[in-house]
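Worksheet: one structure, shown below.
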Amino acid sequence: MKNRWLAALIILFIGVSTTKAQSLDWKIGLMGFADNREYKSSVQIPQSIFGTQFIPELGLRVDSIHTLGVGLNILHEFGSNEFLDRIDIQLYYRFTGELFNFTFGSFSKSEVFRNSPKALYYDSLLYFRPNVKGLLWTIKYGSLKQSVYLDWTSRKDDTTRETFIMGGFGEYSKNNIYIRNHIYMYHYAGAGIPIPSSHVRDNGVAYICLGLNAGSWLPIDSLSFSIGGIQSYERTRSVEDWNTPKGLLVEASAEYKGFGISNTLYIGEGHRLDWGDPFYRLKRYNRLDLYVTPMKFKNVSAKFGVSLHFAESRLNNQQQFFLHVHFGFRKKPNPLP
(Lines give C-alpha, C1' and ligand atoms only; values in the text may rest on other atoms or scores of the structure.)
Protein backbone atom coordinates (compact mmCIF):
# COMPACT_ATOMS: atom_id res chain seq x y z
CA MET A 1 0.00 0.00 0.00
CA LYS A 2 2.83 2.42 0.86
CA ASN A 3 4.50 1.77 -2.50
CA ARG A 4 1.22 2.51 -4.32
CA TRP A 5 0.82 5.83 -2.56
CA LEU A 6 4.45 6.75 -3.33
CA ALA A 7 4.02 5.87 -7.02
CA ALA A 8 0.81 7.92 -7.19
CA LEU A 9 2.57 10.88 -5.63
CA ILE A 10 5.42 10.71 -8.14
CA ILE A 11 2.93 10.63 -11.03
CA LEU A 12 1.17 13.65 -9.53
CA PHE A 13 4.50 15.48 -9.30
CA ILE A 14 5.23 14.85 -12.95
CA GLY A 15 1.76 16.03 -13.99
CA VAL A 16 1.89 19.21 -11.91
CA SER A 17 5.39 20.04 -13.18
CA THR A 18 4.06 20.49 -16.72
CA THR A 19 2.33 23.71 -15.73
CA LYS A 20 4.16 26.92 -16.47
CA ALA A 21 5.10 27.95 -12.95
CA GLN A 22 6.68 24.71 -11.78
CA SER A 23 9.67 22.58 -12.66
CA LEU A 24 10.68 19.07 -11.77
CA ASP A 25 14.20 18.38 -10.50
CA TRP A 26 15.63 14.91 -10.11
CA LYS A 27 18.73 13.51 -8.51
CA ILE A 28 20.10 10.03 -7.95
CA GLY A 29 22.69 9.24 -5.33
CA LEU A 30 24.62 6.19 -4.21
CA MET A 31 26.69 5.86 -1.06
CA GLY A 32 28.85 2.79 -0.62
CA PHE A 33 30.50 2.19 2.75
CA ALA A 34 32.94 -0.33 4.15
CA ASP A 35 33.67 0.09 7.84
CA ASN A 36 35.95 -2.46 9.53
CA ARG A 37 36.26 -2.02 13.30
CA GLU A 38 39.00 -4.04 14.96
CA TYR A 39 38.10 -3.22 18.55
CA LYS A 40 39.16 -4.76 21.85
CA SER A 41 37.36 -2.51 24.28
CA SER A 42 34.94 -2.75 27.20
CA VAL A 43 32.67 -0.13 25.60
CA GLN A 44 32.76 -1.12 21.90
CA ILE A 45 31.61 -4.03 19.74
CA PRO A 46 34.07 -5.33 17.12
CA GLN A 47 32.28 -5.58 13.79
CA SER A 48 32.48 -4.99 10.06
CA ILE A 49 29.72 -3.00 8.35
CA PHE A 50 29.51 -3.07 4.55
CA GLY A 51 26.69 -1.87 2.35
CA THR A 52 25.22 0.46 -0.24
CA GLN A 53 22.54 3.12 -0.08
CA PHE A 54 20.65 3.97 -3.28
CA ILE A 55 18.90 7.36 -3.06
CA PRO A 56 16.58 8.47 -5.89
CA GLU A 57 14.68 11.74 -5.35
CA LEU A 58 12.27 14.04 -7.21
CA GLY A 59 11.77 17.69 -6.33
CA LEU A 60 8.91 19.92 -7.42
CA ARG A 61 9.94 23.58 -7.30
CA VAL A 62 7.32 26.28 -7.61
CA ASP A 63 10.09 28.90 -7.64
CA SER A 64 13.44 29.38 -5.92
CA ILE A 65 11.75 29.46 -2.50
CA HIS A 66 9.29 26.54 -2.24
CA THR A 67 10.18 22.88 -2.89
CA LEU A 68 8.36 19.59 -2.39
CA GLY A 69 10.62 16.53 -2.34
CA VAL A 70 9.84 12.82 -2.54
CA GLY A 71 12.26 9.91 -2.70
CA LEU A 72 13.71 6.81 -1.11
CA ASN A 73 16.83 5.75 0.75
CA ILE A 74 17.31 2.04 0.00
CA LEU A 75 19.89 0.10 2.01
CA HIS A 76 21.43 -3.25 1.11
CA GLU A 77 23.99 -4.72 3.51
CA PHE A 78 26.64 -6.94 1.98
CA GLY A 79 26.28 -10.53 3.13
CA SER A 80 22.56 -10.14 3.83
CA ASN A 81 20.10 -12.62 2.35
CA GLU A 82 17.57 -9.83 1.89
CA PHE A 83 17.41 -7.95 -1.40
CA LEU A 84 16.49 -4.74 0.42
CA ASP A 85 17.42 -4.52 4.10
CA ARG A 86 15.81 -1.16 4.86
CA ILE A 87 13.76 1.45 2.98
CA ASP A 88 13.36 4.98 4.34
CA ILE A 89 10.92 7.32 2.61
CA GLN A 90 11.95 10.91 1.93
CA LEU A 91 8.92 13.20 1.80
CA TYR A 92 9.31 16.87 2.72
CA TYR A 93 8.52 20.53 2.13
CA ARG A 94 11.39 23.05 2.09
CA PHE A 95 11.31 26.85 2.25
CA THR A 96 14.52 28.65 1.28
CA GLY A 97 14.55 32.35 2.14
CA GLU A 98 17.04 35.12 2.74
CA LEU A 99 16.67 35.17 6.53
CA PHE A 100 15.76 31.57 7.28
CA ASN A 101 15.31 28.08 5.84
CA PHE A 102 12.65 25.63 6.95
CA THR A 103 12.24 21.92 6.18
CA PHE A 104 9.40 19.70 7.38
CA GLY A 105 8.92 15.99 6.74
CA SER A 106 11.34 13.11 6.28
CA PHE A 107 14.66 14.30 4.82
CA SER A 108 18.39 13.54 4.82
CA LYS A 109 20.12 13.73 8.18
CA SER A 110 23.47 14.80 6.68
CA GLU A 111 22.81 18.50 7.33
CA VAL A 112 22.09 17.91 11.01
CA PHE A 113 25.31 15.87 11.35
CA ARG A 114 27.48 18.58 9.78
CA ASN A 115 30.33 19.59 12.15
CA SER A 116 28.78 17.51 14.94
CA PRO A 117 31.33 15.80 17.22
CA LYS A 118 31.17 12.00 17.27
CA ALA A 119 30.71 12.25 21.01
CA LEU A 120 27.18 13.49 20.24
CA TYR A 121 26.33 11.50 17.09
CA TYR A 122 28.04 8.25 16.13
CA ASP A 123 29.08 8.22 12.47
CA SER A 124 27.44 4.84 11.76
CA LEU A 125 23.98 6.33 12.41
CA LEU A 126 24.02 7.57 8.81
CA TYR A 127 24.20 3.94 7.63
CA PHE A 128 20.98 2.82 9.33
CA ARG A 129 19.10 6.01 10.30
CA PRO A 130 19.73 8.30 7.32
CA ASN A 131 16.71 10.60 7.74
CA VAL A 132 15.39 13.21 10.12
CA LYS A 133 11.64 12.73 10.60
CA GLY A 134 10.41 16.05 11.82
CA LEU A 135 11.62 19.56 11.10
CA LEU A 136 14.72 21.71 10.70
CA TRP A 137 14.65 25.51 10.99
CA THR A 138 17.75 27.62 10.31
CA ILE A 139 18.11 31.36 10.91
CA LYS A 140 20.78 33.26 8.97
CA TYR A 141 21.93 36.70 10.06
CA GLY A 142 25.28 37.96 8.79
CA SER A 143 28.01 35.68 10.14
CA LEU A 144 25.57 33.89 12.45
CA LYS A 145 23.73 30.71 11.53
CA GLN A 146 21.62 28.89 14.12
CA SER A 147 19.41 25.83 13.62
CA VAL A 148 16.86 23.95 15.71
CA TYR A 149 15.46 20.54 14.85
CA LEU A 150 13.05 17.84 15.97
CA ASP A 151 13.63 14.20 15.01
CA TRP A 152 10.81 11.78 15.87
CA THR A 153 12.64 8.46 16.19
CA SER A 154 9.84 6.13 17.33
CA ARG A 155 6.03 6.28 17.30
CA LYS A 156 4.19 4.98 20.35
CA ASP A 157 1.95 1.92 20.05
CA ASP A 158 0.97 -0.84 22.47
CA THR A 159 4.48 -2.33 22.63
CA THR A 160 6.76 0.40 21.20
CA ARG A 161 8.08 3.25 23.29
CA GLU A 162 7.81 6.83 22.08
CA THR A 163 11.18 8.51 21.47
CA PHE A 164 12.33 11.78 19.94
CA ILE A 165 15.32 14.13 19.80
CA MET A 166 14.95 17.90 20.11
CA GLY A 167 18.07 19.98 19.60
CA GLY A 168 19.98 22.69 17.83
CA PHE A 169 23.35 23.66 16.40
CA GLY A 170 24.91 26.87 15.20
CA GLU A 171 28.03 28.80 14.29
CA TYR A 172 29.28 32.36 14.42
CA SER A 173 32.44 33.08 12.42
CA LYS A 174 34.54 36.17 11.83
CA ASN A 175 38.14 36.65 10.64
CA ASN A 176 38.89 32.89 10.60
CA ILE A 177 37.65 32.46 14.18
CA TYR A 178 34.44 30.56 14.88
CA ILE A 179 32.23 29.59 17.80
CA ARG A 180 30.06 26.48 17.41
CA ASN A 181 27.35 25.01 19.59
CA HIS A 182 25.43 21.74 19.65
CA ILE A 183 22.67 20.79 22.05
CA TYR A 184 19.97 18.13 22.17
CA MET A 185 17.71 16.19 24.49
CA TYR A 186 16.69 12.60 23.72
CA HIS A 187 13.39 11.67 25.36
CA TYR A 188 12.76 7.95 25.86
CA ALA A 189 9.14 7.65 26.99
CA GLY A 190 6.75 4.77 27.57
CA ALA A 191 4.66 2.42 25.42
CA GLY A 192 0.88 2.36 25.12
CA ILE A 193 0.68 -0.64 27.42
CA PRO A 194 2.94 0.02 30.44
CA ILE A 195 6.04 -2.15 30.50
CA PRO A 196 6.80 -3.52 33.99
CA SER A 197 9.91 -2.04 35.64
CA SER A 198 10.43 0.43 32.77
CA HIS A 199 10.97 4.14 33.35
CA VAL A 200 11.09 7.30 31.26
CA ARG A 201 14.65 8.35 30.45
CA ASP A 202 16.11 11.73 29.49
CA ASN A 203 19.47 11.80 27.74
CA GLY A 204 20.89 15.14 26.58
CA VAL A 205 24.08 17.07 25.89
CA ALA A 206 25.45 20.58 25.42
CA TYR A 207 28.68 21.35 23.57
CA ILE A 208 30.38 24.64 22.72
CA CYS A 209 33.79 25.22 21.16
CA LEU A 210 36.09 28.00 20.01
CA GLY A 211 38.01 27.33 16.80
CA LEU A 212 40.40 28.77 14.25
CA ASN A 213 40.54 28.17 10.48
CA ALA A 214 44.15 28.85 9.52
CA GLY A 215 44.34 27.22 6.10
CA SER A 216 44.52 30.57 4.28
CA TRP A 217 47.73 31.42 6.15
CA LEU A 218 49.65 28.47 4.70
CA PRO A 219 49.95 26.87 1.23
CA ILE A 220 47.59 24.00 2.15
CA ASP A 221 43.91 23.35 1.53
CA SER A 222 42.72 23.52 5.15
CA LEU A 223 44.00 23.75 8.72
CA SER A 224 41.84 24.09 11.81
CA PHE A 225 42.06 23.93 15.59
CA SER A 226 39.33 23.95 18.23
CA ILE A 227 38.86 23.50 21.95
CA GLY A 228 35.50 22.96 23.57
CA GLY A 229 33.58 21.79 26.57
CA ILE A 230 30.93 19.08 26.67
CA GLN A 231 28.40 18.32 29.40
CA SER A 232 25.72 15.65 29.24
CA TYR A 233 22.49 15.33 31.21
CA GLU A 234 21.24 11.83 31.99
CA ARG A 235 18.59 10.44 34.30
CA THR A 236 16.09 7.62 34.65
CA ARG A 237 12.99 9.05 36.25
CA SER A 238 11.97 7.65 39.64
CA VAL A 239 15.27 5.74 39.75
CA GLU A 240 18.11 8.29 39.83
CA ASP A 241 18.73 12.02 39.94
CA TRP A 242 20.44 13.93 37.14
CA ASN A 243 23.92 12.74 36.24
CA THR A 244 25.92 15.58 34.62
CA PRO A 245 29.38 14.43 33.49
CA LYS A 246 31.57 16.99 31.75
CA GLY A 247 34.80 17.04 29.79
CA LEU A 248 37.14 18.80 27.36
CA LEU A 249 37.47 18.16 23.59
CA VAL A 250 40.55 19.32 21.68
CA GLU A 251 40.54 18.87 17.90
CA ALA A 252 42.98 19.63 15.07
CA SER A 253 42.85 18.80 11.36
CA ALA A 254 44.74 19.55 8.15
CA GLU A 255 44.35 18.61 4.47
CA TYR A 256 46.52 19.02 1.39
CA LYS A 257 45.78 17.76 -2.13
CA GLY A 258 43.47 14.97 -0.98
CA PHE A 259 45.58 13.83 1.97
CA GLY A 260 44.33 14.60 5.45
CA ILE A 261 45.01 14.12 9.13
CA SER A 262 42.89 14.89 12.16
CA ASN A 263 43.15 14.27 15.88
CA THR A 264 40.58 14.42 18.67
CA LEU A 265 41.51 14.27 22.35
CA TYR A 266 38.92 13.87 25.08
CA ILE A 267 39.63 14.31 28.80
CA GLY A 268 36.92 14.30 31.45
CA GLU A 269 34.15 12.15 32.86
CA GLY A 270 32.43 9.32 31.02
CA HIS A 271 29.15 10.02 29.20
CA ARG A 272 26.23 7.67 28.57
CA LEU A 273 24.81 9.30 25.46
CA ASP A 274 22.55 6.89 23.58
CA TRP A 275 23.42 8.39 20.18
CA GLY A 276 27.12 9.14 20.79
CA ASP A 277 30.28 7.14 20.15
CA PRO A 278 30.69 4.63 23.01
CA PHE A 279 34.40 5.53 23.35
CA TYR A 280 33.25 8.71 25.12
CA ARG A 281 31.97 6.61 28.01
CA LEU A 282 35.63 6.56 29.04
CA LYS A 283 37.44 9.28 30.97
CA ARG A 284 40.28 9.61 28.48
CA TYR A 285 40.27 8.87 24.77
CA ASN A 286 42.28 9.93 21.71
CA ARG A 287 41.40 9.34 18.04
CA LEU A 288 43.84 9.87 15.16
CA ASP A 289 42.51 9.80 11.59
CA LEU A 290 44.60 9.51 8.43
CA TYR A 291 42.78 9.60 5.09
CA VAL A 292 43.20 10.05 1.36
CA THR A 293 40.71 11.01 -1.35
CA PRO A 294 41.82 8.97 -4.40
CA MET A 295 38.88 10.14 -6.56
CA LYS A 296 37.29 13.56 -6.58
CA PHE A 297 35.26 14.41 -9.65
CA LYS A 298 32.15 16.46 -10.24
CA ASN A 299 29.76 13.57 -9.63
CA VAL A 300 31.94 10.90 -8.01
CA SER A 301 34.20 10.95 -4.96
CA ALA A 302 35.91 8.30 -2.88
CA LYS A 303 37.64 8.43 0.49
CA PHE A 304 39.73 5.87 2.35
CA GLY A 305 40.76 6.36 5.95
CA VAL A 306 42.48 4.64 8.84
CA SER A 307 41.51 5.55 12.41
CA LEU A 308 43.63 4.77 15.44
CA HIS A 309 41.80 4.73 18.78
CA PHE A 310 43.91 5.11 21.93
CA ALA A 311 41.73 3.98 24.84
CA GLU A 312 41.97 1.84 27.98
CA SER A 313 45.77 1.49 27.51
CA ARG A 314 45.14 -0.19 24.15
CA LEU A 315 45.42 0.71 20.48
CA ASN A 316 42.33 -0.12 18.42
CA ASN A 317 42.19 0.37 14.67
CA GLN A 318 39.47 1.01 12.13
CA GLN A 319 39.45 1.22 8.33
CA GLN A 320 36.74 3.05 6.39
CA PHE A 321 36.01 3.46 2.68
CA PHE A 322 33.26 5.67 1.28
CA LEU A 323 32.05 6.08 -2.29
CA HIS A 324 29.64 8.90 -3.19
CA VAL A 325 27.96 9.14 -6.58
CA HIS A 326 25.53 11.96 -7.42
CA PHE A 327 23.75 12.75 -10.67
CA GLY A 328 20.89 15.15 -11.18
CA PHE A 329 19.12 17.76 -13.20
CA ARG A 330 17.84 21.12 -12.02
CA LYS A 331 15.82 23.26 -14.37
CA LYS A 332 14.85 26.89 -13.78
CA PRO A 333 11.12 27.33 -13.34
CA ASN A 334 9.17 28.72 -16.26
CA PRO A 335 7.93 32.29 -15.72
CA LEU A 336 4.45 32.81 -14.33
CA PRO A 337 1.82 33.57 -17.03
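If you're wondering about the labels, chains in the C-alpha coordinates are A, B, ... by order shown, residues count from 1 in each chain, ligands from 1 in order shown.
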Next item on the list: Would you please extract all strand (DSSP E or B) residues from region 246-284 of chain A, as assigned by DSSP on the backbone, and give them as number ranges by chain?
Entry: A: 246-256, 259-268, 284
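Using only C-alpha atoms, the shortest contact distance between Leu249 (chain A) and any of A:Gly170, A:Gly228, A:Gly71, A:Gly190 is found at A:Gly228.
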Next item on the list: Assign secondary structure with DSSP using the backbone only, and return the residues of region 74-172 of chain A in helix (DSSP H, G or I) as a list in words.
Entry: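 Reading the DSSP output for region 74-172 of chain A, helix (DSSP H, G or I) covers Ser110, Glu111, Val112, Phe113, Leu125, Leu126, Tyr127 and Phe128 of chain A.
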Next item on the list: Would you kindly return, as JSON, numbers by chain, each protein, DNA or RNA residue with an atom no farther than 6 Å from any atom of region 77-88 of chain A, considering only C-alpha atoms and excluding same-chain residues fewer than 5 positions away?
Entry: {"A": [50, 51, 72]}
Output file for the selection above: N, CA, C and O atoms, as a short mmCIF file (atom, residue, chain, number, x, y, z; two decimals), in the first residue's frame:
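Wrote out.cif, looks like this:
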```cif
data_model
loop_
_atom_site.label_atom_id
_atom_site.label_comp_id
_atom_site.auth_asym_id
_atom_site.auth_seq_id
_atom_site.Cartn_x
_atom_site.Cartn_y
_atom_site.Cartn_z
N PHE A 50 29.34 -3.33 5.97
CA PHE A 50 29.51 -3.07 4.55
C PHE A 50 28.13 -2.94 3.90
O PHE A 50 27.22 -3.73 4.20
N GLY A 51 27.98 -2.00 3.00
CA GLY A 51 26.69 -1.87 2.35
C GLY A 51 26.65 -0.74 1.35
O GLY A 51 27.63 -0.04 1.11
N LEU A 72 13.45 7.99 -1.92
CA LEU A 72 13.71 6.81 -1.11
C LEU A 72 15.19 6.76 -0.73
O LEU A 72 16.05 7.26 -1.47
#
```
Margin query: Residues within 7 Å of region 110-126 of chain A, please, as a ChimeraX atom specification. Count only C-alpha atoms; anything in the same chain fewer than 5 positions from it doesn't count.
Written below: /A:275-277,280
Checklist line | Å distance separating CA of Val306 (chain A) from CA of Leu288 (chain A), one decimal place | finding: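 Value for the CA of Val306 (chain A)-CA of Leu288 (chain A) distance: 8.3 Å.
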